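Scroll down for the structure; my scribbles are underneath it.
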Amino acid sequence: MLVSSQTRGFIAAHRLENVRDLALKARREDGLDLPFALDQIAGWQTARTKLPQWAASDGIIYPPHLSMEQCSSQFTAQYKARVARRIVDAYLAADASAGSAASVASAASVASGESDAADTPEPSATMAASAPEPETPASAGTTASSAPESPTAPTSATAATTASPADGTALADLTGGFGVDFSYLARGFDRATYVERQPHLCAIAEHNLRALGLDHARVVNADAETWLADGGTATMIFVDPARRDDHGGRAVAIADCTPDVLALADRLFAAAPLVMVKLSPMLDWRKTVADFRGAVGEVHIVSTGNECKELLLVLDRRRATGRPAAGGPPTGGTAAGASAADVTTDACEGMPVRVVCVNDGDELAYDYNPSAPSVDRMTGTTAAGLLADGWYDTADDVAGTDVKVDVDGNSEARYLYEPNASIMKAGCFALIEDRYPMRQVGPNSHLFVSTQRVDGFPGREFAIEAVGGLGKKDVKSLLAGATKANVAVRNFPMSVAQLRKKLRLGDGGDLYLFATTLAGSRHVLIRTRRLSTARSTD
């Protein structure tokens, strides 16, 4: 995009300064586009922490504040790119395996004289469902490497033609936005198309994709529905529905976002065998999996800085139509060509959904299938809980600890653990007890204790200093003159504010106080100190 030398100079000279102060004090000069310059300074300042690789790249154009606020961080974008590459590689390997098996069968048939030209068998349903369909080059899209210096937004995609499978893998991002996710995802594909309905974001994307060296990327100014209607195809489609309505209000439900990916499911699967959907972390992920009626193969609950940022779903057309991948389990014999709306989760019985809980460097994965037989951990009877083959129902909880936690000074628990935000969202608390030598403090506490420090726990770790009740004598002894603490409540009848007021504690400091309920409904306070990542000597 064309930027005047005065504007570029102003940005370079003031990019470390407070934007609000600049807006009030900056002199209006000929050739200076002050609103644009302020957007660039604010955007770069945000990118320094959110998108450091972008901030280090010369020539990046940043959008207004709202788009910067809504865009992915570098961590979440890179994570999606790794998932996409793995999923596509596995898909292509399965397709190659299916193709090889079909070739062997065909050769054997010809050798035995059982086949002739008039009686050639049709491709198998599995192969038809899983054959890669590279993306359609949209004639109206412009190639990033050949875009003019001051581009206008590309026109809508029209007159699409289908490319040959020999062209390799193709990505289509149908909700391009600022293009952060696209810029990382695109690096793992031979061809990539950015689709965005807002012309000004398309113009920014044209410029930035060149600056980032993504010469194989193409920008199309259209909405998702138009691109699909024009016959676009890809190996993988990425969709991040807008979560704000026409009045700027925040939307959460899938049907209230734009586009409505549930309503578009059939058309998405007609265009690509693999679909990755980024959704609000506020959604109930189990209900969301059920809403897609068996099509979801993986759920990624992605957090950074212990804040849940997004719910990422990987959908597979083979599951949506009841057809397994090569070598996979049977899926109930759903008729070939069935639409996603016609398939229930029963069609994919025996096919687990992989759930991955991610928080920065921590990752915990397990298989989930609520329809499989399960055994109640507390009674041993068949019920929701730990599944016989290692799958977990996240509705499961546990009765409480068999590590002694008491207020009499004889508590056996020496360490307390708080799972990270993604695990809290997943609710896989029985899994924690099975994978780590620890137990929950009490029912629904979501706090765990152990007698020995446990390596590699995906969350925060604390050393227990004391456990006490809520009586005045207990509180006085427990606090030992402390005037401030970091307070958390889990399954407790008071809020943090109410408890802080009762205990007359300020916020902060090195002391961490957890209020919870033990088995037997006894309310307790647990005084702890945060442990660093470096191991201490027990």
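Chain identifiers are assigned as A, B, and so on, following the order in which chains appear in the structure tokens; residues are numbered from 1 within each chain, and ligands are numbered from 1 in order of appearance.
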Skip Leu268 (chain A) itself and residues of its chain fewer than 5 positions away, then list as number ranges by chain all residues within 10 Å of it, counting only C-alpha atoms.
A: 224-225, 228, 232-234, 236-239, 261-263, 273-275, 315, 317
Residue neighbourhood region 354-356 of chain A, 6 Å, only C-alpha atoms, exclusion window fewer than 4 positions, as JSON, numbers by chain:
{"A": [298, 299, 300, 364, 365, 366, 367]}
What lies within 8 Å of region 48-64 of chain A using only C-alpha atoms, ignoring chain neighbours under 5 positions off, as a ChimeraX atom specification?
/A:39-40,43,73-74,178,201,204,207-208,211-212
Please produce a file of those selected residues containing N, CA, C and O atoms, as a PDB file, in the first residue's frame.
```
ATOM      1  N   ASP A  39      -2.908   4.166  14.030  1.00  0.00           N
ATOM      2  CA  ASP A  39      -3.282   2.747  13.938  1.00  0.00           C
ATOM      3  C   ASP A  39      -2.038   1.869  13.826  1.00  0.00           C
ATOM      4  O   ASP A  39      -1.962   0.791  14.440  1.00  0.00           O
ATOM      5  N   GLN A  40      -1.061   2.312  13.036  1.00  0.00           N
ATOM      6  CA  GLN A  40       0.151   1.522  12.844  1.00  0.00           C
ATOM      7  C   GLN A  40       0.987   1.448  14.120  1.00  0.00           C
ATOM      8  O   GLN A  40       1.531   0.393  14.462  1.00  0.00           O
ATOM      9  N   GLY A  43      -0.950  -0.797  16.527  1.00  0.00           N
ATOM     10  CA  GLY A  43      -0.888  -2.176  16.060  1.00  0.00           C
ATOM     11  C   GLY A  43       0.469  -2.802  16.306  1.00  0.00           C
ATOM     12  O   GLY A  43       0.574  -3.944  16.769  1.00  0.00           O
ATOM     13  N   SER A  73      -3.070 -14.959  18.428  1.00  0.00           N
ATOM     14  CA  SER A  73      -1.697 -14.714  18.828  1.00  0.00           C
ATOM     15  C   SER A  73      -0.776 -15.596  18.004  1.00  0.00           C
ATOM     16  O   SER A  73      -1.221 -16.541  17.325  1.00  0.00           O
ATOM     17  N   GLN A  74       0.510 -15.296  18.060  1.00  0.00           N
ATOM     18  CA  GLN A  74       1.477 -16.118  17.332  1.00  0.00           C
ATOM     19  C   GLN A  74       1.444 -17.555  17.833  1.00  0.00           C
ATOM     20  O   GLN A  74       1.488 -18.503  17.039  1.00  0.00           O
ATOM     21  N   PHE A 178      -7.582 -10.417   9.578  1.00  0.00           N
ATOM     22  CA  PHE A 178      -6.277  -9.770   9.488  1.00  0.00           C
ATOM     23  C   PHE A 178      -5.250 -10.704   8.851  1.00  0.00           C
ATOM     24  O   PHE A 178      -4.219 -10.269   8.372  1.00  0.00           O
ATOM     25  N   LEU A 201      -9.691  -5.189   4.435  1.00  0.00           N
ATOM     26  CA  LEU A 201      -8.843  -6.250   4.974  1.00  0.00           C
ATOM     27  C   LEU A 201      -8.171  -7.043   3.849  1.00  0.00           C
ATOM     28  O   LEU A 201      -7.038  -7.495   4.000  1.00  0.00           O
ATOM     29  N   ILE A 204      -5.153  -4.999   2.837  1.00  0.00           N
ATOM     30  CA  ILE A 204      -4.075  -5.161   3.811  1.00  0.00           C
ATOM     31  C   ILE A 204      -3.417  -6.526   3.638  1.00  0.00           C
ATOM     32  O   ILE A 204      -2.183  -6.656   3.684  1.00  0.00           O
ATOM     33  N   HIS A 207      -0.955  -6.754   0.753  1.00  0.00           N
ATOM     34  CA  HIS A 207       0.328  -6.122   1.088  1.00  0.00           C
ATOM     35  C   HIS A 207       1.141  -7.000   2.036  1.00  0.00           C
ATOM     36  O   HIS A 207       2.331  -7.255   1.809  1.00  0.00           O
ATOM     37  N   ASN A 208       0.504  -7.477   3.122  1.00  0.00           N
ATOM     38  CA  ASN A 208       1.240  -8.206   4.159  1.00  0.00           C
ATOM     39  C   ASN A 208       1.729  -9.570   3.697  1.00  0.00           C
ATOM     40  O   ASN A 208       2.796 -10.018   4.115  1.00  0.00           O
ATOM     41  N   ALA A 211       4.895  -9.008   2.067  1.00  0.00           N
ATOM     42  CA  ALA A 211       5.930  -8.662   3.041  1.00  0.00           C
ATOM     43  C   ALA A 211       6.426  -9.895   3.796  1.00  0.00           C
ATOM     44  O   ALA A 211       7.586  -9.962   4.202  1.00  0.00           O
ATOM     45  N   LEU A 212       5.548 -10.880   3.961  1.00  0.00           N
ATOM     46  CA  LEU A 212       5.907 -12.104   4.678  1.00  0.00           C
ATOM     47  C   LEU A 212       6.465 -13.192   3.764  1.00  0.00           C
ATOM     48  O   LEU A 212       6.789 -14.285   4.219  1.00  0.00           O
TER      49      LEU A 212
END
```
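Residues lying within 9 Å of Asp510 (chain A), counting only C-alpha atoms and ignoring same-chain neighbours fewer than 5 positions away, are A:Lys484, A:Ala485, A:Asn486, A:Thr528, A:Arg529, A:Arg530.
Closest approach to Ala37 (chain A) among A:Thr258, A:Ser5, A:Asn491, A:Asn369: A:Ser5, based on only C-alpha atoms.
CA of Asp434 (chain A) is positioned 25.4 Å from CA of Val467 (chain A).
Of the residues listed (A:Glu17, A:Glu461, A:Asp260, A:Glu307), A:Glu17 shows the shortest atom-to-atom separation from Ile41 (chain A); distances use only C-alpha atoms.
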What's the 8 Å shell around region 413-418 of chain A, counting only C-alpha atoms, without same-chain residues fewer than 3 positions away, as number ranges by chain?
A: 403-405, 446-453, 457, 459-465, 528
For the strand (DSSP E) assignment from backbone DSSP, which residues of region 417-533 of chain A qualify? Please present them as a PyMOL selection string.
chain A and resi 417-419+439-440+448-450+459-468+484-490+506-518+522-530
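Nearest to Val83 (chain A) of all the residues A:Phe10, A:Trp44, A:Tyr436, A:Tyr184 is A:Tyr184, based on only C-alpha atoms.
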Contacts of region 420-424 of chain A at 6 Å or less, counting only C-alpha atoms, minus same-chain residues fewer than 2 places along, as a list of chain:residue names?
A:Ile301, A:Ser303, A:Asn306, A:Glu307, A:Cys308, A:Cys357, A:Ala426, A:Gly427, A:Gly459
Output file for the selection above: N, CA, C and O atoms, as a JSON list (two decimals), in the first residue's frame:
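Result went into part38.json, see below:
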```
[["chain", "number", "residue", "atom", "x", "y", "z"],
["A", 301, "ILE", "N", -8.55, -27.68, 22.93],
["A", 301, "ILE", "CA", -8.89, -26.59, 23.84],
["A", 301, "ILE", "C", -7.59, -25.84, 24.08],
["A", 301, "ILE", "O", -6.69, -26.34, 24.76],
["A", 303, "SER", "N", -5.18, -22.78, 25.25],
["A", 303, "SER", "CA", -4.98, -21.68, 26.19],
["A", 303, "SER", "C", -3.55, -21.17, 26.07],
["A", 303, "SER", "O", -2.65, -21.90, 25.65],
["A", 306, "ASN", "N", -2.44, -19.34, 30.70],
["A", 306, "ASN", "CA", -3.51, -19.92, 31.52],
["A", 306, "ASN", "C", -4.86, -19.23, 31.31],
["A", 306, "ASN", "O", -5.70, -19.18, 32.20],
["A", 307, "GLU", "N", -5.07, -18.73, 30.10],
["A", 307, "GLU", "CA", -6.36, -18.17, 29.71],
["A", 307, "GLU", "C", -6.84, -18.90, 28.47],
["A", 307, "GLU", "O", -6.14, -18.96, 27.46],
["A", 308, "CYS", "N", -8.04, -19.48, 28.56],
["A", 308, "CYS", "CA", -8.58, -20.26, 27.45],
["A", 308, "CYS", "C", -8.94, -19.32, 26.30],
["A", 308, "CYS", "O", -9.75, -18.40, 26.46],
["A", 357, "CYS", "N", -5.77, -30.87, 25.39],
["A", 357, "CYS", "CA", -5.77, -29.67, 26.25],
["A", 357, "CYS", "C", -4.39, -29.05, 26.18],
["A", 357, "CYS", "O", -3.39, -29.67, 26.56],
["A", 426, "ALA", "N", -11.97, -28.75, 29.84],
["A", 426, "ALA", "CA", -12.27, -30.11, 29.40],
["A", 426, "ALA", "C", -13.00, -30.90, 30.48],
["A", 426, "ALA", "O", -13.84, -31.75, 30.19],
["A", 427, "GLY", "N", -12.68, -30.63, 31.75],
["A", 427, "GLY", "CA", -13.33, -31.34, 32.84],
["A", 427, "GLY", "C", -12.84, -32.77, 33.01],
["A", 427, "GLY", "O", -13.54, -33.60, 33.59],
["A", 459, "GLY", "N", -0.22, -27.59, 35.07],
["A", 459, "GLY", "CA", -0.90, -26.54, 35.83],
["A", 459, "GLY", "C", 0.03, -25.94, 36.86],
["A", 459, "GLY", "O", 1.25, -26.06, 36.77]]
```
